[in-house]
file data37.cif (mmCIF, C-alpha atoms)
data_protein
loop_
_atom_site.group_PDB
_atom_site.id
_atom_site.type_symbol
_atom_site.label_atom_id
_atom_site.label_comp_id
_atom_site.auth_asym_id
_atom_site.auth_seq_id
_atom_site.Cartn_x
_atom_site.Cartn_y
_atom_site.Cartn_z
ATOM 1 C CA MET A 109 37.168 -58.778 -40.040
ATOM 2 C CA GLN A 110 37.355 -56.301 -37.192
ATOM 3 C CA GLN A 111 38.524 -57.515 -33.791
ATOM 4 C CA PHE A 112 39.729 -56.094 -30.479
ATOM 5 C CA THR A 113 41.937 -57.561 -27.778
ATOM 6 C CA PHE A 114 42.404 -56.175 -24.282
ATOM 7 C CA ILE A 115 44.807 -57.228 -21.575
ATOM 8 C CA LEU A 116 42.807 -57.171 -18.352
ATOM 9 C CA ARG A 117 44.100 -55.958 -15.031
ATOM 10 C CA ASP A 118 43.506 -58.594 -12.391
ATOM 11 C CA ASN A 119 44.550 -59.489 -8.876
ATOM 12 C CA THR A 120 46.621 -62.542 -9.755
ATOM 13 C CA GLN A 121 49.845 -60.914 -8.594
ATOM 14 C CA LYS A 122 48.261 -59.813 -5.333
ATOM 15 C CA ALA A 123 46.756 -63.254 -4.729
ATOM 16 C CA PHE A 124 50.087 -64.938 -5.471
ATOM 17 C CA ASN A 125 51.894 -62.649 -3.037
ATOM 18 C CA SER A 126 49.343 -63.400 -0.325
ATOM 19 C CA PHE A 127 49.559 -67.120 -1.005
ATOM 20 C CA SER A 128 53.368 -67.104 -0.982
ATOM 21 C CA TRP A 129 53.467 -65.212 2.327
ATOM 22 C CA PHE A 130 51.033 -67.762 3.757
ATOM 23 C CA LEU A 131 53.321 -70.619 2.632
ATOM 24 C CA LEU A 132 56.360 -68.886 4.059
ATOM 25 C CA PHE A 133 54.623 -68.164 7.373
ATOM 26 C CA LEU A 134 53.512 -71.794 7.555
ATOM 27 C CA HIS A 135 57.104 -72.875 6.932
ATOM 28 C CA LEU A 136 58.300 -70.559 9.698
ATOM 29 C CA VAL A 137 55.782 -71.999 12.180
ATOM 30 C CA VAL A 138 56.680 -75.603 11.298
ATOM 31 C CA ALA A 139 60.404 -74.818 11.516
ATOM 32 C CA ALA A 140 59.853 -73.287 14.959
ATOM 33 C CA VAL A 141 57.917 -76.357 16.112
ATOM 34 C CA ILE A 142 60.691 -78.627 14.801
ATOM 35 C CA SER A 143 63.395 -76.550 16.501
ATOM 36 C CA ILE A 144 61.551 -76.824 19.833
ATOM 37 C CA ASN A 145 60.416 -80.459 19.657
ATOM 38 C CA ALA A 146 63.155 -82.216 17.687
ATOM 39 C CA THR A 147 65.268 -84.695 19.629
ATOM 40 C CA ASP A 148 67.948 -84.787 16.933
ATOM 41 C CA LYS A 149 70.424 -81.904 17.336
ATOM 42 C CA LYS A 150 71.006 -81.721 13.570
ATOM 43 C CA GLN A 151 67.290 -81.181 12.909
ATOM 44 C CA GLN A 152 67.134 -78.445 15.556
ATOM 45 C CA VAL A 153 70.116 -76.630 14.008
ATOM 46 C CA ILE A 154 68.659 -76.876 10.485
ATOM 47 C CA ALA A 155 65.290 -75.535 11.687
ATOM 48 C CA ILE A 156 66.925 -72.667 13.580
ATOM 49 C CA VAL A 157 69.141 -71.773 10.596
ATOM 50 C CA SER A 158 66.048 -71.841 8.395
ATOM 51 C CA ILE A 159 64.283 -69.416 10.738
ATOM 52 C CA VAL A 160 67.328 -67.118 10.840
ATOM 53 C CA VAL A 161 67.614 -67.130 7.022
ATOM 54 C CA PHE A 162 63.887 -66.407 6.686
ATOM 55 C CA VAL A 163 63.976 -63.536 9.183
ATOM 56 C CA THR A 164 67.170 -62.115 7.606
ATOM 57 C CA ILE A 165 65.645 -62.101 4.124
ATOM 58 C CA ALA A 166 62.412 -60.603 5.502
ATOM 59 C CA VAL A 167 64.372 -57.795 7.212
ATOM 60 C CA LEU A 168 66.366 -57.154 4.028
ATOM 61 C CA LEU A 169 63.105 -57.049 2.125
ATOM 62 C CA PHE A 170 61.705 -54.504 4.561
ATOM 63 C CA LEU A 171 64.834 -52.326 4.325
ATOM 64 C CA PHE A 172 65.509 -52.664 0.577
ATOM 65 C CA LYS A 173 62.132 -53.609 -0.869
ATOM 66 C CA ASP A 174 62.631 -51.593 -4.051
ATOM 67 C CA GLN A 175 65.969 -53.253 -4.851
ATOM 68 C CA LEU A 176 65.029 -56.869 -4.044
ATOM 69 C CA LYS A 177 63.021 -58.303 -6.921
ATOM 70 C CA LEU A 178 63.671 -62.000 -6.308
ATOM 71 C CA TYR A 179 63.037 -62.081 -2.565
ATOM 72 C CA GLN A 180 60.233 -64.627 -2.871
ATOM 73 C CA LEU A 181 62.464 -66.900 -4.901
ATOM 74 C CA LEU A 182 65.194 -66.635 -2.259
ATOM 75 C CA LEU A 183 62.707 -67.454 0.487
ATOM 76 C CA PHE A 184 61.261 -70.399 -1.437
ATOM 77 C CA VAL A 185 64.708 -71.817 -2.236
ATOM 78 C CA SER A 186 65.743 -71.535 1.414
ATOM 79 C CA MET A 187 62.479 -73.211 2.435
ATOM 80 C CA ILE A 188 62.962 -76.106 0.003
ATOM 81 C CA VAL A 189 66.617 -76.538 1.008
ATOM 82 C CA CYS A 190 65.532 -76.683 4.652
ATOM 83 C CA TRP A 191 63.072 -79.499 3.937
ATOM 84 C CA LEU A 192 65.661 -81.364 1.871
ATOM 85 C CA LEU A 193 68.229 -81.062 4.664
ATOM 86 C CA LEU A 194 65.642 -82.349 7.124
ATOM 87 C CA SER A 195 65.118 -85.311 4.756
ATOM 88 C CA VAL A 196 61.452 -84.469 4.338
ATOM 89 C CA TRP A 197 61.460 -85.142 0.597
ATOM 90 C CA LEU A 198 57.716 -85.239 0.140
ATOM 91 C CA ALA A 199 57.237 -81.770 1.641
ATOM 92 C CA ALA A 200 60.033 -80.379 -0.553
ATOM 93 C CA VAL A 201 58.514 -81.903 -3.692
ATOM 94 C CA ILE A 202 54.964 -80.768 -2.864
ATOM 95 C CA ILE A 203 56.101 -77.227 -2.046
ATOM 96 C CA SER A 204 58.163 -77.101 -5.250
ATOM 97 C CA LEU A 205 55.186 -78.236 -7.343
ATOM 98 C CA ILE A 206 52.872 -75.705 -5.679
ATOM 99 C CA ILE A 207 55.352 -72.894 -6.298
ATOM 100 C CA LEU A 208 55.896 -73.904 -9.936
ATOM 101 C CA PHE A 209 52.132 -74.072 -10.502
ATOM 102 C CA ALA A 210 51.629 -70.663 -8.888
ATOM 103 C CA TYR A 211 54.373 -69.080 -11.020
ATOM 104 C CA ARG A 212 52.850 -70.667 -14.140
ATOM 105 C CA VAL A 213 49.421 -69.249 -13.317
ATOM 106 C CA LEU A 214 50.994 -65.875 -12.581
ATOM 107 C CA LYS A 215 52.560 -65.705 -16.056
ATOM 108 C CA ILE A 216 49.198 -66.043 -17.841
ATOM 109 C CA LYS A 217 47.696 -62.643 -18.514
ATOM 110 C CA SER A 218 43.944 -62.233 -18.441
ATOM 111 C CA SER A 219 42.512 -60.966 -21.701
ATOM 112 C CA ALA A 220 39.303 -60.219 -23.541
ATOM 113 C CA PHE A 221 39.016 -60.869 -27.270
ATOM 114 C CA PHE A 222 36.148 -59.430 -29.312
ATOM 115 C CA SER A 223 35.464 -60.507 -32.884
ATOM 116 C CA THR A 224 32.414 -60.501 -35.119
ATOM 117 C CA GLU A 225 31.743 -64.138 -34.144
ATOM 118 C CA ASN A 226 32.119 -64.114 -30.352
ATOM 119 C CA ILE A 227 33.741 -62.796 -27.201
ATOM 120 C CA ILE A 228 36.431 -64.797 -25.408
ATOM 121 C CA ILE A 229 37.462 -63.962 -21.834
ATOM 122 C CA THR A 230 40.677 -65.697 -20.790
ATOM 123 C CA ARG A 231 41.627 -65.800 -17.115
ATOM 124 C CA SER A 232 44.476 -67.596 -15.358
ATOM 125 C CA LEU A 233 42.847 -71.014 -15.238
ATOM 126 C CA PHE A 234 39.838 -70.823 -17.528
ATOM 127 C CA LYS A 235 38.595 -69.519 -20.835
ATOM 128 C CA LYS A 236 34.968 -68.531 -21.334
ATOM 129 C CA MET A 237 33.370 -67.891 -24.709
ATOM 130 C CA TYR A 238 30.209 -65.831 -25.160
ATOM 131 C CA SER A 239 28.194 -65.389 -28.322
ATOM 132 C CA TRP A 240 26.888 -61.962 -29.170
ATOM 133 C CA ALA A 241 23.365 -63.350 -28.651
ATOM 134 C CA GLN A 242 24.172 -63.780 -24.933
ATOM 135 C CA VAL A 243 25.143 -60.132 -24.538
ATOM 136 C CA GLU A 244 22.801 -57.302 -23.593
ATOM 137 C CA ASN A 245 25.334 -54.476 -23.728
ATOM 138 C CA ILE A 246 29.088 -53.777 -23.749
ATOM 139 C CA VAL A 247 30.695 -50.482 -22.825
ATOM 140 C CA LEU A 248 34.313 -49.384 -22.530
ATOM 141 C CA LYS A 249 34.590 -46.126 -20.603
ATOM 142 C CA ASP A 250 37.637 -44.677 -18.857
ATOM 143 C CA HIS A 251 39.520 -47.993 -19.157
ATOM 144 C CA LEU A 252 36.679 -49.887 -17.472
ATOM 145 C CA LEU A 253 35.183 -52.690 -19.543
ATOM 146 C CA SER A 254 31.587 -53.642 -18.701
ATOM 147 C CA ILE A 255 29.857 -56.625 -20.275
ATOM 148 C CA ASP A 256 26.193 -56.985 -19.373
ATOM 149 C CA LEU A 257 24.881 -60.446 -20.216
ATOM 150 C CA LYS A 258 21.245 -61.329 -20.815
ATOM 151 C CA ASN A 259 21.284 -63.759 -17.866
ATOM 152 C CA ASN A 260 21.804 -60.742 -15.529
ATOM 153 C CA GLN A 261 25.490 -61.493 -15.093
ATOM 154 C CA LEU A 262 27.755 -58.442 -15.175
ATOM 155 C CA ILE A 263 31.430 -58.716 -16.007
ATOM 156 C CA GLN A 264 33.284 -55.570 -15.083
ATOM 157 C CA THR A 265 37.051 -55.203 -15.130
ATOM 158 C CA ASP A 266 39.758 -52.619 -15.645
ATOM 159 C CA ILE A 267 41.913 -52.953 -18.703
ATOM 160 C CA ALA A 268 45.681 -52.950 -18.276
ATOM 161 C CA ALA A 269 47.831 -49.999 -19.276
ATOM 162 C CA GLU A 270 49.136 -51.800 -22.378
ATOM 163 C CA SER A 271 45.570 -51.763 -23.767
ATOM 164 C CA PHE A 272 44.989 -48.041 -23.255
ATOM 165 C CA THR A 273 45.778 -47.373 -26.928
ATOM 166 C CA VAL A 274 42.497 -48.938 -28.058
ATOM 167 C CA ASP A 275 40.052 -46.294 -29.274
ATOM 168 C CA GLU A 276 37.054 -46.395 -26.908
ATOM 169 C CA ILE A 277 34.671 -44.804 -29.411
ATOM 170 C CA LEU A 278 35.623 -47.228 -32.177
ATOM 171 C CA PHE A 279 35.292 -50.214 -29.842
ATOM 172 C CA ASN A 280 31.903 -49.093 -28.489
ATOM 173 C CA GLU A 281 30.642 -48.543 -32.030
ATOM 174 C CA PHE A 282 31.865 -52.013 -33.010
ATOM 175 C CA CYS A 283 29.999 -53.588 -30.080
ATOM 176 C CA LEU A 284 26.846 -51.580 -30.778
ATOM 177 C CA HIS A 285 26.950 -52.681 -34.416
ATOM 178 C CA GLN A 286 27.325 -56.355 -33.393
ATOM 179 C CA LEU A 287 24.377 -56.105 -30.992
ATOM 180 C CA GLN A 288 22.184 -54.265 -33.526
ATOM 181 C CA ARG A 289 23.072 -56.830 -36.208
ATOM 182 C CA LEU A 290 21.449 -59.531 -34.045
ATOM 183 C CA ASN A 291 18.280 -57.516 -33.466
ATOM 184 C CA THR A 292 17.553 -56.917 -37.162
#
call {"tool": "encode", "arguments": {"input": "data37.cif", "output": "structure tokens"}}
result
Amino acid sequence: MQQFTFILRDNTQKAFNSFSWFLLFLHLVVAAVISINATDKKQQVIAIVSIVVFVTIAVLLFLFKDQLKLYQLLLFVSMIVCWLLLSVWLAAVIISLIILFAYRVLKIKSSAFFSTENIIITRSLFKKMYSWAQVENIVLKDHLLSIDLKNNQLIQTDIAAESFTVDEILFNEFCLHQLQRLNT
């Protein structure tokens, strides 16, 4: 039984980075509000220290961005420690769960699996299976995978570098054979 598997290039990493910067910016704004409005001196100091740590790590990131690989982890740990020191346990737990979920989603690689029975597209949070009868055409050209479905839906994605070894001609012939097999 012939089958092909591709790792798909997607924007999960980019989306996670944007989301994490949003969380960190939100933390910075809330810490600034706490440092201005808090009546307790301890809370003001914790909020100000949190802002200083955040800004310091951000500056280090800007200066040494190629050397700092765990900067987001450092920022998230400092953010969670700040909330724990402020005795805002619920915020610390919720932020921790969101970060763990985001890292879990980030670890899942998107893929496309083609066999004689069906096609399975796996993304971060979902898996979609298509039968060959649902497919109008499939083409792999210059590392761009295009799946044209009979319901006028077009799935088009780049394949990741680790899938570049797949023979495009062999794959296209396999897909053409599967589609012709249904029409005879």
call {"tool": "residues_around", "arguments": {"input": "data37.cif", "residues": "region 252-256 of chain A", "least_positions_apart": "3", "cutoff": "10 Å", "atoms": "all atoms listed in the file", "output": "MDAnalysis selection string"}}
result
chainID A and resid 114 116:117 220 242:249 259:268 276
call {"tool": "resolve_selection", "arguments": {"input": "data37.cif", "expression": "the PyMOL selection byres ((chain A and resi 123-132) around 9)", "output": "MDAnalysis selection string"}}
result
chainID A and resid 119:122 133:137 162 180 183:184 187 203 207 210:211 213:214
call {"tool": "closest_residue", "arguments": {"input": "data37.cif", "among": "A:Leu168, A:Leu290, A:Ala155, A:Val161", "to": "Trp240 (chain A)", "atoms": "only C-alpha atoms"}}
result
A:Leu290
call {"tool": "resolve_selection", "arguments": {"input": "data37.cif", "expression": "the PyMOL selection byres ((chain A and resi 191) around 12)", "output": "JSON list (two decimals) with C-alpha atoms, keeping the file's coordinate frame"}}
result
[["chain", "number", "residue", "atom", "x", "y", "z"],
["A", 135, "HIS", "CA", 57.10, -72.88, 6.93],
["A", 136, "LEU", "CA", 58.30, -70.56, 9.70],
["A", 138, "VAL", "CA", 56.68, -75.60, 11.30],
["A", 139, "ALA", "CA", 60.40, -74.82, 11.52],
["A", 142, "ILE", "CA", 60.69, -78.63, 14.80],
["A", 151, "GLN", "CA", 67.29, -81.18, 12.91],
["A", 154, "ILE", "CA", 68.66, -76.88, 10.48],
["A", 155, "ALA", "CA", 65.29, -75.54, 11.69],
["A", 157, "VAL", "CA", 69.14, -71.77, 10.60],
["A", 158, "SER", "CA", 66.05, -71.84, 8.40],
["A", 184, "PHE", "CA", 61.26, -70.40, -1.44],
["A", 185, "VAL", "CA", 64.71, -71.82, -2.24],
["A", 186, "SER", "CA", 65.74, -71.54, 1.41],
["A", 187, "MET", "CA", 62.48, -73.21, 2.44],
["A", 188, "ILE", "CA", 62.96, -76.11, 0.00],
["A", 189, "VAL", "CA", 66.62, -76.54, 1.01],
["A", 190, "CYS", "CA", 65.53, -76.68, 4.65],
["A", 192, "LEU", "CA", 65.66, -81.36, 1.87],
["A", 193, "LEU", "CA", 68.23, -81.06, 4.66],
["A", 194, "LEU", "CA", 65.64, -82.35, 7.12],
["A", 195, "SER", "CA", 65.12, -85.31, 4.76],
["A", 196, "VAL", "CA", 61.45, -84.47, 4.34],
["A", 197, "TRP", "CA", 61.46, -85.14, 0.60],
["A", 198, "LEU", "CA", 57.72, -85.24, 0.14],
["A", 199, "ALA", "CA", 57.24, -81.77, 1.64],
["A", 200, "ALA", "CA", 60.03, -80.38, -0.55],
["A", 201, "VAL", "CA", 58.51, -81.90, -3.69],
["A", 202, "ILE", "CA", 54.96, -80.77, -2.86],
["A", 203, "ILE", "CA", 56.10, -77.23, -2.05],
["A", 204, "SER", "CA", 58.16, -77.10, -5.25]]
call {"tool": "residues_around", "arguments": {"input": "data37.cif", "residues": "Ile228 (chain A)", "least_positions_apart": "4", "cutoff": "10 Å", "atoms": "all atoms listed in the file", "output": "ChimeraX atom specification"}}
result
/A:113,219-223,235-239
call {"tool": "atom_distance", "arguments": {"input": "data37.cif", "atom1": "CA of Asn226 (chain A)", "atom2": "CA of His251 (chain A)"}}
result
21.0 Å
call {"tool": "atom_distance", "arguments": {"input": "data37.cif", "atom1": "CA of Thr230 (chain A)", "atom2": "CA of Phe282 (chain A)"}}
result
20.4 Å
call {"tool": "resolve_selection", "arguments": {"input": "data37.cif", "expression": "the PyMOL selection byres ((chain A and resi 232) around 6)", "output": "list in words"}}
result
Val213, Ile216, Arg231 and Leu233 of chain A
call {"tool": "closest_residue", "arguments": {"input": "data37.cif", "among": "A:Gln152, A:Ser218, A:Asn145, A:Thr224", "to": "Arg289 (chain A)", "atoms": "all atoms listed in the file"}}
result
A:Thr224
call {"tool": "closest_residue", "arguments": {"input": "data37.cif", "among": "A:Ala140, A:Ala269, A:Leu278, A:Leu169", "to": "Ile156 (chain A)", "atoms": "only C-alpha atoms"}}
result
A:Ala140
call {"tool": "closest_residue", "arguments": {"input": "data37.cif", "among": "A:Ala241, A:Arg212, A:Gln110, A:Ile227", "to": "Gln288 (chain A)", "atoms": "only C-alpha atoms"}}
result
A:Ala241
call {"tool": "atom_distance", "arguments": {"input": "data37.cif", "atom1": "CA of Asn291 (chain A)", "atom2": "CA of Ile115 (chain A)"}}
result
29.1 Å
call {"tool": "decode", "arguments": {"input": "data37.cif", "residues": "region 193-292 of chain A", "atoms": "C-alpha atoms", "output": "PDB file, in the first residue's frame"}}
result
ATOM      1  CA  LEU A 193       3.481  37.570  45.123  1.00  0.00           C
ATOM      2  CA  LEU A 194       0.451  39.828  44.769  1.00  0.00           C
ATOM      3  CA  SER A 195      -1.654  36.923  46.106  1.00  0.00           C
ATOM      4  CA  VAL A 196      -3.764  36.863  42.965  1.00  0.00           C
ATOM      5  CA  TRP A 197      -3.810  33.068  42.761  1.00  0.00           C
ATOM      6  CA  LEU A 198      -6.598  32.778  40.235  1.00  0.00           C
ATOM      7  CA  ALA A 199      -4.807  34.989  37.700  1.00  0.00           C
ATOM      8  CA  ALA A 200      -1.583  33.003  38.169  1.00  0.00           C
ATOM      9  CA  VAL A 201      -3.388  29.690  37.663  1.00  0.00           C
ATOM     10  CA  ILE A 202      -5.350  30.904  34.621  1.00  0.00           C
ATOM     11  CA  ILE A 203      -2.243  32.386  32.992  1.00  0.00           C
ATOM     12  CA  SER A 204      -0.295  29.184  33.690  1.00  0.00           C
ATOM     13  CA  LEU A 205      -3.031  27.044  32.121  1.00  0.00           C
ATOM     14  CA  ILE A 206      -3.240  29.306  29.059  1.00  0.00           C
ATOM     15  CA  ILE A 207       0.528  29.168  28.589  1.00  0.00           C
ATOM     16  CA  LEU A 208       0.644  25.378  29.004  1.00  0.00           C
ATOM     17  CA  PHE A 209      -2.194  24.969  26.496  1.00  0.00           C
ATOM     18  CA  ALA A 210      -0.474  27.278  24.010  1.00  0.00           C
ATOM     19  CA  TYR A 211       2.834  25.395  24.317  1.00  0.00           C
ATOM     20  CA  ARG A 212       0.982  22.089  23.857  1.00  0.00           C
ATOM     21  CA  VAL A 213      -0.701  23.350  20.692  1.00  0.00           C
ATOM     22  CA  LEU A 214       2.625  24.696  19.460  1.00  0.00           C
ATOM     23  CA  LYS A 215       4.264  21.262  19.744  1.00  0.00           C
ATOM     24  CA  ILE A 216       1.739  19.607  17.401  1.00  0.00           C
ATOM     25  CA  LYS A 217       2.955  19.729  13.827  1.00  0.00           C
ATOM     26  CA  SER A 218       0.443  20.062  11.029  1.00  0.00           C
ATOM     27  CA  SER A 219       0.568  17.209   8.555  1.00  0.00           C
ATOM     28  CA  ALA A 220      -1.117  15.718   5.526  1.00  0.00           C
ATOM     29  CA  PHE A 221      -1.368  11.954   5.108  1.00  0.00           C
ATOM     30  CA  PHE A 222      -2.321  10.393   1.773  1.00  0.00           C
ATOM     31  CA  SER A 223      -3.165   6.712   1.425  1.00  0.00           C
ATOM     32  CA  THR A 224      -5.182   4.674  -1.039  1.00  0.00           C
ATOM     33  CA  GLU A 225      -8.197   4.901   1.304  1.00  0.00           C
ATOM     34  CA  ASN A 226      -8.303   8.594   2.243  1.00  0.00           C
ATOM     35  CA  ILE A 227      -6.559  11.870   2.968  1.00  0.00           C
ATOM     36  CA  ILE A 228      -6.086  13.077   6.541  1.00  0.00           C
ATOM     37  CA  ILE A 229      -5.146  16.694   7.295  1.00  0.00           C
ATOM     38  CA  THR A 230      -4.028  17.202  10.891  1.00  0.00           C
ATOM     39  CA  ARG A 231      -3.781  20.725  12.284  1.00  0.00           C
ATOM     40  CA  SER A 232      -3.050  21.933  15.810  1.00  0.00           C
ATOM     41  CA  LEU A 233      -6.538  21.417  17.195  1.00  0.00           C
ATOM     42  CA  PHE A 234      -8.396  19.362  14.615  1.00  0.00           C
ATOM     43  CA  LYS A 235      -8.102  16.460  12.232  1.00  0.00           C
ATOM     44  CA  LYS A 236     -10.078  16.351   8.997  1.00  0.00           C
ATOM     45  CA  MET A 237     -10.480  13.262   6.840  1.00  0.00           C
ATOM     46  CA  TYR A 238     -11.405  13.399   3.158  1.00  0.00           C
ATOM     47  CA  SER A 239     -12.269  10.497   0.902  1.00  0.00           C
ATOM     48  CA  TRP A 240     -10.871  10.443  -2.593  1.00  0.00           C
ATOM     49  CA  ALA A 241     -14.456  10.828  -3.862  1.00  0.00           C
ATOM     50  CA  GLN A 242     -14.536  14.333  -2.322  1.00  0.00           C
ATOM     51  CA  VAL A 243     -11.437  15.432  -4.218  1.00  0.00           C
ATOM     52  CA  GLU A 244     -11.392  17.055  -7.646  1.00  0.00           C
ATOM     53  CA  ASN A 245      -7.626  17.391  -8.002  1.00  0.00           C
ATOM     54  CA  ILE A 246      -4.381  17.338  -5.991  1.00  0.00           C
ATOM     55  CA  VAL A 247      -1.100  18.850  -7.108  1.00  0.00           C
ATOM     56  CA  LEU A 248       2.276  19.196  -5.416  1.00  0.00           C
ATOM     57  CA  LYS A 249       4.441  21.743  -7.213  1.00  0.00           C
ATOM     58  CA  ASP A 250       7.475  23.607  -5.887  1.00  0.00           C
ATOM     59  CA  HIS A 251       6.698  22.535  -2.297  1.00  0.00           C
ATOM     60  CA  LEU A 252       3.159  23.921  -2.530  1.00  0.00           C
ATOM     61  CA  LEU A 253       0.409  21.385  -1.905  1.00  0.00           C
ATOM     62  CA  SER A 254      -2.973  22.180  -3.476  1.00  0.00           C
ATOM     63  CA  ILE A 255      -6.069  20.104  -2.785  1.00  0.00           C
ATOM     64  CA  ASP A 256      -9.116  21.083  -4.816  1.00  0.00           C
ATOM     65  CA  LEU A 257     -12.295  19.602  -3.367  1.00  0.00           C
ATOM     66  CA  LYS A 258     -15.510  19.004  -5.282  1.00  0.00           C
ATOM     67  CA  ASN A 259     -17.405  21.378  -2.964  1.00  0.00           C
ATOM     68  CA  ASN A 260     -15.265  24.264  -4.349  1.00  0.00           C
ATOM     69  CA  GLN A 261     -13.080  24.360  -1.256  1.00  0.00           C
ATOM     70  CA  LEU A 262      -9.369  24.807  -1.944  1.00  0.00           C
ATOM     71  CA  ILE A 263      -6.743  23.764   0.563  1.00  0.00           C
ATOM     72  CA  GLN A 264      -3.379  25.234  -0.282  1.00  0.00           C
ATOM     73  CA  THR A 265      -0.342  25.085   1.972  1.00  0.00           C
ATOM     74  CA  ASP A 266       3.432  24.992   1.836  1.00  0.00           C
ATOM     75  CA  ILE A 267       5.128  21.833   2.954  1.00  0.00           C
ATOM     76  CA  ALA A 268       7.875  22.072   5.558  1.00  0.00           C
ATOM     77  CA  ALA A 269      11.531  21.607   4.694  1.00  0.00           C
ATOM     78  CA  GLU A 270      11.629  18.140   6.288  1.00  0.00           C
ATOM     79  CA  SER A 271       9.160  16.961   3.613  1.00  0.00           C
ATOM     80  CA  PHE A 272      11.147  18.262   0.645  1.00  0.00           C
ATOM     81  CA  THR A 273      12.563  14.776   0.013  1.00  0.00           C
ATOM     82  CA  VAL A 274       9.214  13.501  -1.273  1.00  0.00           C
ATOM     83  CA  ASP A 275       9.288  12.979  -5.037  1.00  0.00           C
ATOM     84  CA  GLU A 276       6.752  15.411  -6.536  1.00  0.00           C
ATOM     85  CA  ILE A 277       6.307  13.409  -9.741  1.00  0.00           C
ATOM     86  CA  LEU A 278       5.695  10.157  -7.874  1.00  0.00           C
ATOM     87  CA  PHE A 279       3.221  11.833  -5.518  1.00  0.00           C
ATOM     88  CA  ASN A 280       1.314  13.548  -8.346  1.00  0.00           C
ATOM     89  CA  GLU A 281       1.119  10.263 -10.243  1.00  0.00           C
ATOM     90  CA  PHE A 282      -0.176   8.526  -7.112  1.00  0.00           C
ATOM     91  CA  CYS A 283      -2.912  11.149  -6.689  1.00  0.00           C
ATOM     92  CA  LEU A 284      -3.839  11.034 -10.375  1.00  0.00           C
ATOM     93  CA  HIS A 285      -4.109   7.245 -10.190  1.00  0.00           C
ATOM     94  CA  GLN A 286      -6.379   7.464  -7.109  1.00  0.00           C
ATOM     95  CA  LEU A 287      -8.649  10.000  -8.821  1.00  0.00           C
ATOM     96  CA  GLN A 288      -8.783   8.011 -12.083  1.00  0.00           C
ATOM     97  CA  ARG A 289      -9.546   4.815 -10.142  1.00  0.00           C
ATOM     98  CA  LEU A 290     -12.769   6.443  -8.889  1.00  0.00           C
ATOM     99  CA  ASN A 291     -13.838   7.578 -12.355  1.00  0.00           C
ATOM    100  CA  THR A 292     -13.588   4.126 -13.958  1.00  0.00           C
TER     101      THR A 292
END
